[in-house]
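Just below is one structure, and these are the notes that go with it.
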Amino acid sequence: MKRTSPSSDSSRKRSKVDDPNALVLFERYDFSALSQIRELELPESSESLVNLIHADLLKGSNTRRLVSYQPSPDYLEGRLYGRGLQGLPSWIRMILTHTHYCDIDIHNCSPTLISGAVLSSCPAP
């Protein structure tokens, strides 16, 4: 589905003055795995985020990092974005967090969930 341009729906456009964090969470990492991943040759976007996470963990507890999630700069509603695990490829997330999290990826999430809800609530023919 194509997003409408911000100019066509100015009531939903995000104000720069009103810029609170929508959600602030701690993310947990395996610091030794992170140190080893830093030695790999990664795409530039992944490398910069891995280095940012590493620097933040060195300042704190070495396992927990505070991540702020905000809506898209153009819209108040919808998905939240943060500079943490969400921005890393799944193979890196798995290595960094396998002792703390279970990463579940659902292909076409909304249609899959809706289909499951409909099938579970409707009697079979």
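In the structure tokens, the first chain shown is A, the next is B, and so on; residue numbers restart at 1 for each chain, and ligands run from 1 in the order shown.
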Point to revise | Contacts of A:Ile92 at 10 Å (only C-alpha atoms; same-chain gap of 5+ positions) as a list in words | key: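 The contact residues come out as Ala33, Leu34, Ile37, Ser46, Val50, Leu85, Thr97 and His98 of chain A.
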Review point. Please, what distance in Å, to one decimal, runs between atom CA of A:Leu42 and atom CA of A:Leu25?
Key: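 Spanning atom CA of A:Leu42 to atom CA of A:Leu25 is a straight-line distance of 25.9 Å.
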Check your understanding: Would you give me, as a PyMOL selection string, the residues in chain A that DSSP reads as helix (DSSP H, G or I)?
Key -> chain A and resi 6-8+10-12+31-37+44-59+85-87+90-97+109-121
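Excluding A:Phe26 itself and any same-chain residue fewer than 3 positions from it, the protein and nucleic acid residues within 10 Å of it, counting only C-alpha atoms, are Tyr29, Thr63, Arg64, Arg65, Leu66, Val67, Ser68 and Gly84 of chain A.
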Put those residues in a file: N, CA and C atoms, as a compact mmCIF listing (two decimals), in the first residue's frame.
# COMPACT_ATOMS: atom_id res chain seq x y z
N TYR A 29 22.14 -7.29 25.12
CA TYR A 29 23.09 -7.77 24.13
C TYR A 29 24.10 -8.71 24.76
N THR A 63 25.68 -4.94 28.93
CA THR A 63 24.67 -5.87 28.41
C THR A 63 23.36 -5.16 28.06
N ARG A 64 23.06 -4.04 28.71
CA ARG A 64 21.78 -3.36 28.47
C ARG A 64 22.02 -1.99 27.86
N ARG A 65 21.14 -1.63 26.92
CA ARG A 65 21.25 -0.34 26.24
C ARG A 65 19.87 0.26 26.12
N LEU A 66 19.75 1.53 26.47
CA LEU A 66 18.48 2.25 26.38
C LEU A 66 18.26 2.70 24.93
N VAL A 67 17.10 2.36 24.37
CA VAL A 67 16.78 2.72 22.99
C VAL A 67 15.44 3.46 22.98
N SER A 68 15.42 4.63 22.33
CA SER A 68 14.21 5.42 22.18
C SER A 68 13.59 5.12 20.83
N GLY A 84 18.49 0.60 17.23
CA GLY A 84 18.88 -0.55 18.03
C GLY A 84 18.79 -1.81 17.22
**Study point:** In chain A, DSSP strand (DSSP E or B) residues written as a PyMOL selection string
**Key:** chain A and resi 23-28+64-71+80-82
**Study point:** Contacts of A:Ser35 at 10 Å (only C-alpha atoms; same-chain gap of 4+ positions) as a list in words
**Key:**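 Contacts, in chain order: Asp30, Phe31, Glu39, Leu40, Val50, Asn51, His54 and Leu96 of chain A.
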Save the residues we just selected, N, CA and C atoms, as a PDB file, in the first residue's frame?
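part.pdb, written as the output of this step:
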ATOM      1  N   ASP A  30      24.684  -9.575  23.940  1.00  0.00           N
ATOM      2  CA  ASP A  30      25.827 -10.393  24.334  1.00  0.00           C
ATOM      3  C   ASP A  30      27.065  -9.595  23.923  1.00  0.00           C
ATOM      4  N   PHE A  31      27.729  -8.979  24.907  1.00  0.00           N
ATOM      5  CA  PHE A  31      28.829  -8.060  24.626  1.00  0.00           C
ATOM      6  C   PHE A  31      30.006  -8.757  23.945  1.00  0.00           C
ATOM      7  N   GLU A  39      34.676  -7.141  14.404  1.00  0.00           N
ATOM      8  CA  GLU A  39      35.875  -7.507  13.634  1.00  0.00           C
ATOM      9  C   GLU A  39      35.542  -7.928  12.199  1.00  0.00           C
ATOM     10  N   LEU A  40      34.269  -8.201  11.919  1.00  0.00           N
ATOM     11  CA  LEU A  40      33.854  -8.622  10.575  1.00  0.00           C
ATOM     12  C   LEU A  40      33.731  -7.416   9.650  1.00  0.00           C
ATOM     13  N   VAL A  50      26.422  -1.061  14.666  1.00  0.00           N
ATOM     14  CA  VAL A  50      27.140  -1.960  15.579  1.00  0.00           C
ATOM     15  C   VAL A  50      28.149  -1.159  16.401  1.00  0.00           C
ATOM     16  N   ASN A  51      28.858  -0.230  15.768  1.00  0.00           N
ATOM     17  CA  ASN A  51      29.821   0.600  16.494  1.00  0.00           C
ATOM     18  C   ASN A  51      29.140   1.514  17.502  1.00  0.00           C
ATOM     19  N   HIS A  54      28.103  -0.660  20.436  1.00  0.00           N
ATOM     20  CA  HIS A  54      29.301  -1.014  21.202  1.00  0.00           C
ATOM     21  C   HIS A  54      29.740   0.151  22.086  1.00  0.00           C
ATOM     22  N   LEU A  96      23.706 -11.570  18.532  1.00  0.00           N
ATOM     23  CA  LEU A  96      23.837 -10.647  19.664  1.00  0.00           C
ATOM     24  C   LEU A  96      22.850 -10.919  20.797  1.00  0.00           C
TER      25      LEU A  96
END
Check your understanding: Rounded to one decimal in Å, what is the spacing between atom CA of A:Ala22 and atom CA of A:Ala55?
Key -> 23.7 Å
Revision key, fill the gap. Shortest contact to A:Glu47, candidates A:Pro111, A:Gly116, A:Gly87, A:Gly82, atoms counted only C-alpha atoms, goes to A:Gly87
Review point. Mind pulling up the distance from atom CA of A:Gln86 to atom CA of A:Thr99?
Key: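 Value for the atom CA of A:Thr99-atom CA of A:Gln86 distance: 17.0 Å.
Contact shell of A:Met94 at 9 Å (only C-alpha atoms; same-chain neighbours under 6 positions omitted): Tyr101, Cys102 and Asp103 of chain A.
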Restricting the output to C-alpha atoms, write the selected residues as an mmCIF file, in the first residue's frame.
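Output below, filename again.cif:
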data_model
loop_
_atom_site.group_PDB
_atom_site.id
_atom_site.type_symbol
_atom_site.label_atom_id
_atom_site.label_comp_id
_atom_site.auth_asym_id
_atom_site.auth_seq_id
_atom_site.Cartn_x
_atom_site.Cartn_y
_atom_site.Cartn_z
ATOM 1 C CA TYR A 101 15.364 -12.972 22.944
ATOM 2 C CA CYS A 102 13.519 -15.113 20.443
ATOM 3 C CA ASP A 103 13.289 -13.257 17.102
#
